[in-house]
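Novice: Before I ask anything, let me first share the structure, which is written out below as structure tokens.
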Amino acid sequence: QQQVKQSPQSLIVQKGGISIINCAYENTAFDYFPWYQQFPGKGPALLIAIRPDVSEKKEGRFTISFNKSAKQFSLHIMDSQPGDSATYFCAASIEGSWGKLQFGAGTQVVVTP
Amino acid sequence: DGGITQSPKYLFRKEGQNVTLSCEQNLNHDAMYWYRQDPGQGLRLIYYSQIVNDFQKGDIAEGYSVSREKKESFPLTVTSAQKNPTAFYLCASTPGQGVQRGGYTFGSGTRLTVV
């Protein structure tokens, strides 16, 4: 079974709106939570990542919110643009595990003009 | 430019045939990984290698084999034992234990189709 549960499976947002993707995990040993962005026919690219000692991290229009007690984290895309249309994956790993990532199932985001 | 090169981009396999997917990196990364991507299932780990001449099974290793004879190369063979090989295959690398410093670098993938 998937160790990281991601929702929604897809979402449509208007240009300028906010896209929100949520992930939940059970294994409290996870200590690194990256988000990847993937365009069709390409490999995923690291977007932003967070460690559990902070509750929020912002890079440009992308923000990760982290709730350690609830074992949940989310990606917010502010001022969504058509170029943000892609599939987004959350993931989690354990330090010392040689980078083995457990991925969520992915969210396809479509930003309409 | 440093990066990961996967080839071929598209591959067609006949029933009962073994095929090998190539993955080469010039990032001087120690660790390399193979993931399989299916619609609605995210990425699942097939095999990973921390160092030359050493590799470990991931979550879905059955029907696959790998080798790591050189630091820069980590080919994946999809054997006839893999009953449902049609998928998008992604190779990735990281510097090593300090994955948190930079995350994965992925290749552009190989789409394998059984015909």
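Ligands are numbered from 1 in the order shown, chains are lettered A, B, ... in the order of the structure tokens, and residues start at 1 in each chain.
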Counting only C-alpha atoms, which residues from chain B have an atom at most 9 Å from any atom of chain A, and could you show them as a PyMOL selection string?
Specialist: chain B and resi 31+33+39-45+48-50+58+88+90-94+96-100+102-111
Novice: Please produce an output containing N, CA and C atoms for each residue in the selection, written as an mmCIF file, in the first residue's frame.
Specialist:
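Output file out02.cif is given in full below:
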```
data_model
loop_
_atom_site.group_PDB
_atom_site.id
_atom_site.type_symbol
_atom_site.label_atom_id
_atom_site.label_comp_id
_atom_site.auth_asym_id
_atom_site.auth_seq_id
_atom_site.Cartn_x
_atom_site.Cartn_y
_atom_site.Cartn_z
ATOM 1 N N ALA B 31 24.691 7.437 -5.857
ATOM 2 C CA ALA B 31 23.485 6.614 -5.826
ATOM 3 C C ALA B 31 22.663 6.776 -7.104
ATOM 4 N N TYR B 33 18.969 5.104 -9.179
ATOM 5 C CA TYR B 33 17.680 4.470 -8.899
ATOM 6 C C TYR B 33 16.914 4.229 -10.202
ATOM 7 N N PRO B 39 0.024 5.237 -14.663
ATOM 8 C CA PRO B 39 -1.011 6.257 -14.425
ATOM 9 C C PRO B 39 -1.731 6.024 -13.099
ATOM 10 N N GLY B 40 -1.837 7.073 -12.299
ATOM 11 C CA GLY B 40 -2.575 7.001 -11.048
ATOM 12 C C GLY B 40 -1.877 6.268 -9.921
ATOM 13 N N GLN B 41 -0.623 5.843 -10.148
ATOM 14 C CA GLN B 41 0.075 5.101 -9.093
ATOM 15 C C GLN B 41 1.365 5.755 -8.648
ATOM 16 N N GLY B 42 1.679 6.894 -9.169
ATOM 17 C CA GLY B 42 2.917 7.528 -8.754
ATOM 18 C C GLY B 42 4.126 6.754 -9.257
ATOM 19 N N LEU B 43 5.230 6.904 -8.548
ATOM 20 C CA LEU B 43 6.478 6.250 -8.924
ATOM 21 C C LEU B 43 6.779 5.155 -7.907
ATOM 22 N N ARG B 44 7.142 3.992 -8.411
ATOM 23 C CA ARG B 44 7.476 2.867 -7.536
ATOM 24 C C ARG B 44 8.913 2.427 -7.798
ATOM 25 N N LEU B 45 9.642 2.179 -6.718
ATOM 26 C CA LEU B 45 11.064 1.880 -6.799
ATOM 27 C C LEU B 45 11.302 0.434 -7.233
ATOM 28 N N TYR B 48 17.838 0.038 -6.641
ATOM 29 C CA TYR B 48 18.709 1.159 -6.414
ATOM 30 C C TYR B 48 20.122 0.669 -6.118
ATOM 31 N N SER B 49 21.067 1.570 -6.344
ATOM 32 C CA SER B 49 22.475 1.223 -6.154
ATOM 33 C C SER B 49 23.168 2.375 -5.434
ATOM 34 N N GLN B 50 23.880 2.027 -4.393
ATOM 35 C CA GLN B 50 24.583 3.035 -3.606
ATOM 36 C C GLN B 50 26.025 3.200 -4.053
ATOM 37 N N GLY B 58 14.149 -2.875 -4.804
ATOM 38 C CA GLY B 58 13.169 -1.933 -4.295
ATOM 39 C C GLY B 58 11.861 -2.642 -4.020
ATOM 40 N N PHE B 88 6.183 3.709 -17.980
ATOM 41 C CA PHE B 88 7.178 4.751 -18.176
ATOM 42 C C PHE B 88 8.260 4.522 -17.119
ATOM 43 N N LEU B 90 11.784 5.540 -15.226
ATOM 44 C CA LEU B 90 12.585 6.713 -14.891
ATOM 45 C C LEU B 90 13.817 6.320 -14.100
ATOM 46 N N CYS B 91 14.946 6.838 -14.531
ATOM 47 C CA CYS B 91 16.207 6.656 -13.829
ATOM 48 C C CYS B 91 16.516 7.943 -13.078
ATOM 49 N N ALA B 92 17.100 7.830 -11.912
ATOM 50 C CA ALA B 92 17.423 9.008 -11.115
ATOM 51 C C ALA B 92 18.746 8.794 -10.400
ATOM 52 N N SER B 93 19.320 9.892 -9.942
ATOM 53 C CA SER B 93 20.556 9.792 -9.160
ATOM 54 C C SER B 93 20.559 10.854 -8.071
ATOM 55 N N THR B 94 21.345 10.585 -7.031
ATOM 56 C CA THR B 94 21.581 11.574 -5.978
ATOM 57 C C THR B 94 23.047 11.494 -5.563
ATOM 58 N N GLY B 96 24.199 10.903 -2.769
ATOM 59 C CA GLY B 96 24.415 9.809 -1.838
ATOM 60 C C GLY B 96 23.602 10.004 -0.586
ATOM 61 N N GLN B 97 24.179 9.770 0.563
ATOM 62 C CA GLN B 97 23.434 9.850 1.811
ATOM 63 C C GLN B 97 22.828 11.221 2.035
ATOM 64 N N GLY B 98 23.469 12.229 1.520
ATOM 65 C CA GLY B 98 22.968 13.574 1.733
ATOM 66 C C GLY B 98 21.906 13.969 0.738
ATOM 67 N N VAL B 99 20.937 13.090 0.512
ATOM 68 C CA VAL B 99 19.935 13.366 -0.514
ATOM 69 C C VAL B 99 19.201 14.654 -0.233
ATOM 70 N N GLN B 100 19.090 15.012 1.006
ATOM 71 C CA GLN B 100 18.343 16.208 1.332
ATOM 72 C C GLN B 100 18.993 17.462 0.786
ATOM 73 N N GLY B 102 19.950 18.028 -2.213
ATOM 74 C CA GLY B 102 19.571 18.404 -3.567
ATOM 75 C C GLY B 102 18.450 17.590 -4.169
ATOM 76 N N GLY B 103 18.053 16.554 -3.504
ATOM 77 C CA GLY B 103 16.993 15.747 -4.085
ATOM 78 C C GLY B 103 17.470 14.941 -5.280
ATOM 79 N N TYR B 104 16.527 14.339 -5.916
ATOM 80 C CA TYR B 104 16.840 13.526 -7.086
ATOM 81 C C TYR B 104 17.061 14.380 -8.324
ATOM 82 N N THR B 105 17.912 13.866 -9.226
ATOM 83 C CA THR B 105 17.948 14.325 -10.610
ATOM 84 C C THR B 105 17.397 13.177 -11.449
ATOM 85 N N PHE B 106 16.371 13.450 -12.206
ATOM 86 C CA PHE B 106 15.742 12.411 -13.030
ATOM 87 C C PHE B 106 16.171 12.541 -14.483
ATOM 88 N N GLY B 107 16.181 11.407 -15.169
ATOM 89 C CA GLY B 107 16.289 11.412 -16.610
ATOM 90 C C GLY B 107 14.934 11.708 -17.234
ATOM 91 N N SER B 108 14.880 11.719 -18.560
ATOM 92 C CA SER B 108 13.636 12.042 -19.264
ATOM 93 C C SER B 108 12.754 10.830 -19.502
ATOM 94 N N GLY B 109 13.224 9.660 -19.099
ATOM 95 C CA GLY B 109 12.377 8.480 -19.135
ATOM 96 C C GLY B 109 12.424 7.682 -20.424
ATOM 97 N N THR B 110 12.046 6.423 -20.289
ATOM 98 C CA THR B 110 11.854 5.514 -21.429
ATOM 99 C C THR B 110 10.446 4.952 -21.336
ATOM 100 N N ARG B 111 9.703 5.084 -22.411
ATOM 101 C CA ARG B 111 8.347 4.507 -22.433
ATOM 102 C C ARG B 111 8.428 3.147 -23.116
#
```
Novice: When DSSP is applied to the backbone of this structure, which of stretch 42-101 of chain A are assigned strand (DSSP E or B)? Write them out as a ChimeraX atom specification.
Specialist: /A:45-50,56-59,62-67,72-77,86-93
Novice: List the spatial neighbours of stretch 18-25 of chain A as a ChimeraX atom specification - criterion: any atom at most 7 Å away, only C-alpha atoms, same-chain residues fewer than 6 positions off excluded.
Specialist: /A:3-8,71-80,90
Novice: Could you tell me which of A:Val110, A:Val54, A:Ile64, A:Leu11 comes closest to A:Ala86 if we count only C-alpha atoms?
Specialist: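 The shortest atom-to-atom distance to A:Ala86 comes from A:Val110.
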Novice: So which residues touch B:Arg13 within 9 Å, counting only C-alpha atoms, skipping near sequence neighbours fewer than 4 positions away, as a PyMOL selection string?
Specialist: chain B and resi 17-19+85-86+112-115
Novice: Filtering to C-alpha atoms, could you give me those residues as a compact mmCIF listing (two decimals), in the first residue's frame?
Specialist:
```
# COMPACT_ATOMS: atom_id res chain seq x y z
CA GLN B 17 11.69 -10.91 -25.00
CA ASN B 18 14.22 -9.30 -22.66
CA VAL B 19 14.99 -5.63 -23.21
CA PRO B 85 6.05 -4.29 -18.38
CA THR B 86 4.20 -1.55 -20.24
CA LEU B 112 8.18 0.75 -22.84
CA THR B 113 5.28 -0.88 -24.67
CA VAL B 114 4.59 -4.57 -25.13
CA VAL B 115 3.42 -5.43 -28.64
```
Novice: Ranking B:Lys70, B:Ser80, B:Tyr89, B:Lys14 by minimum distance to B:Arg36 and counting only C-alpha atoms, which one comes first?
Specialist: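 Checking each of B:Lys70, B:Ser80, B:Tyr89, B:Lys14 against B:Arg36, counting only C-alpha atoms, the winner is B:Tyr89.
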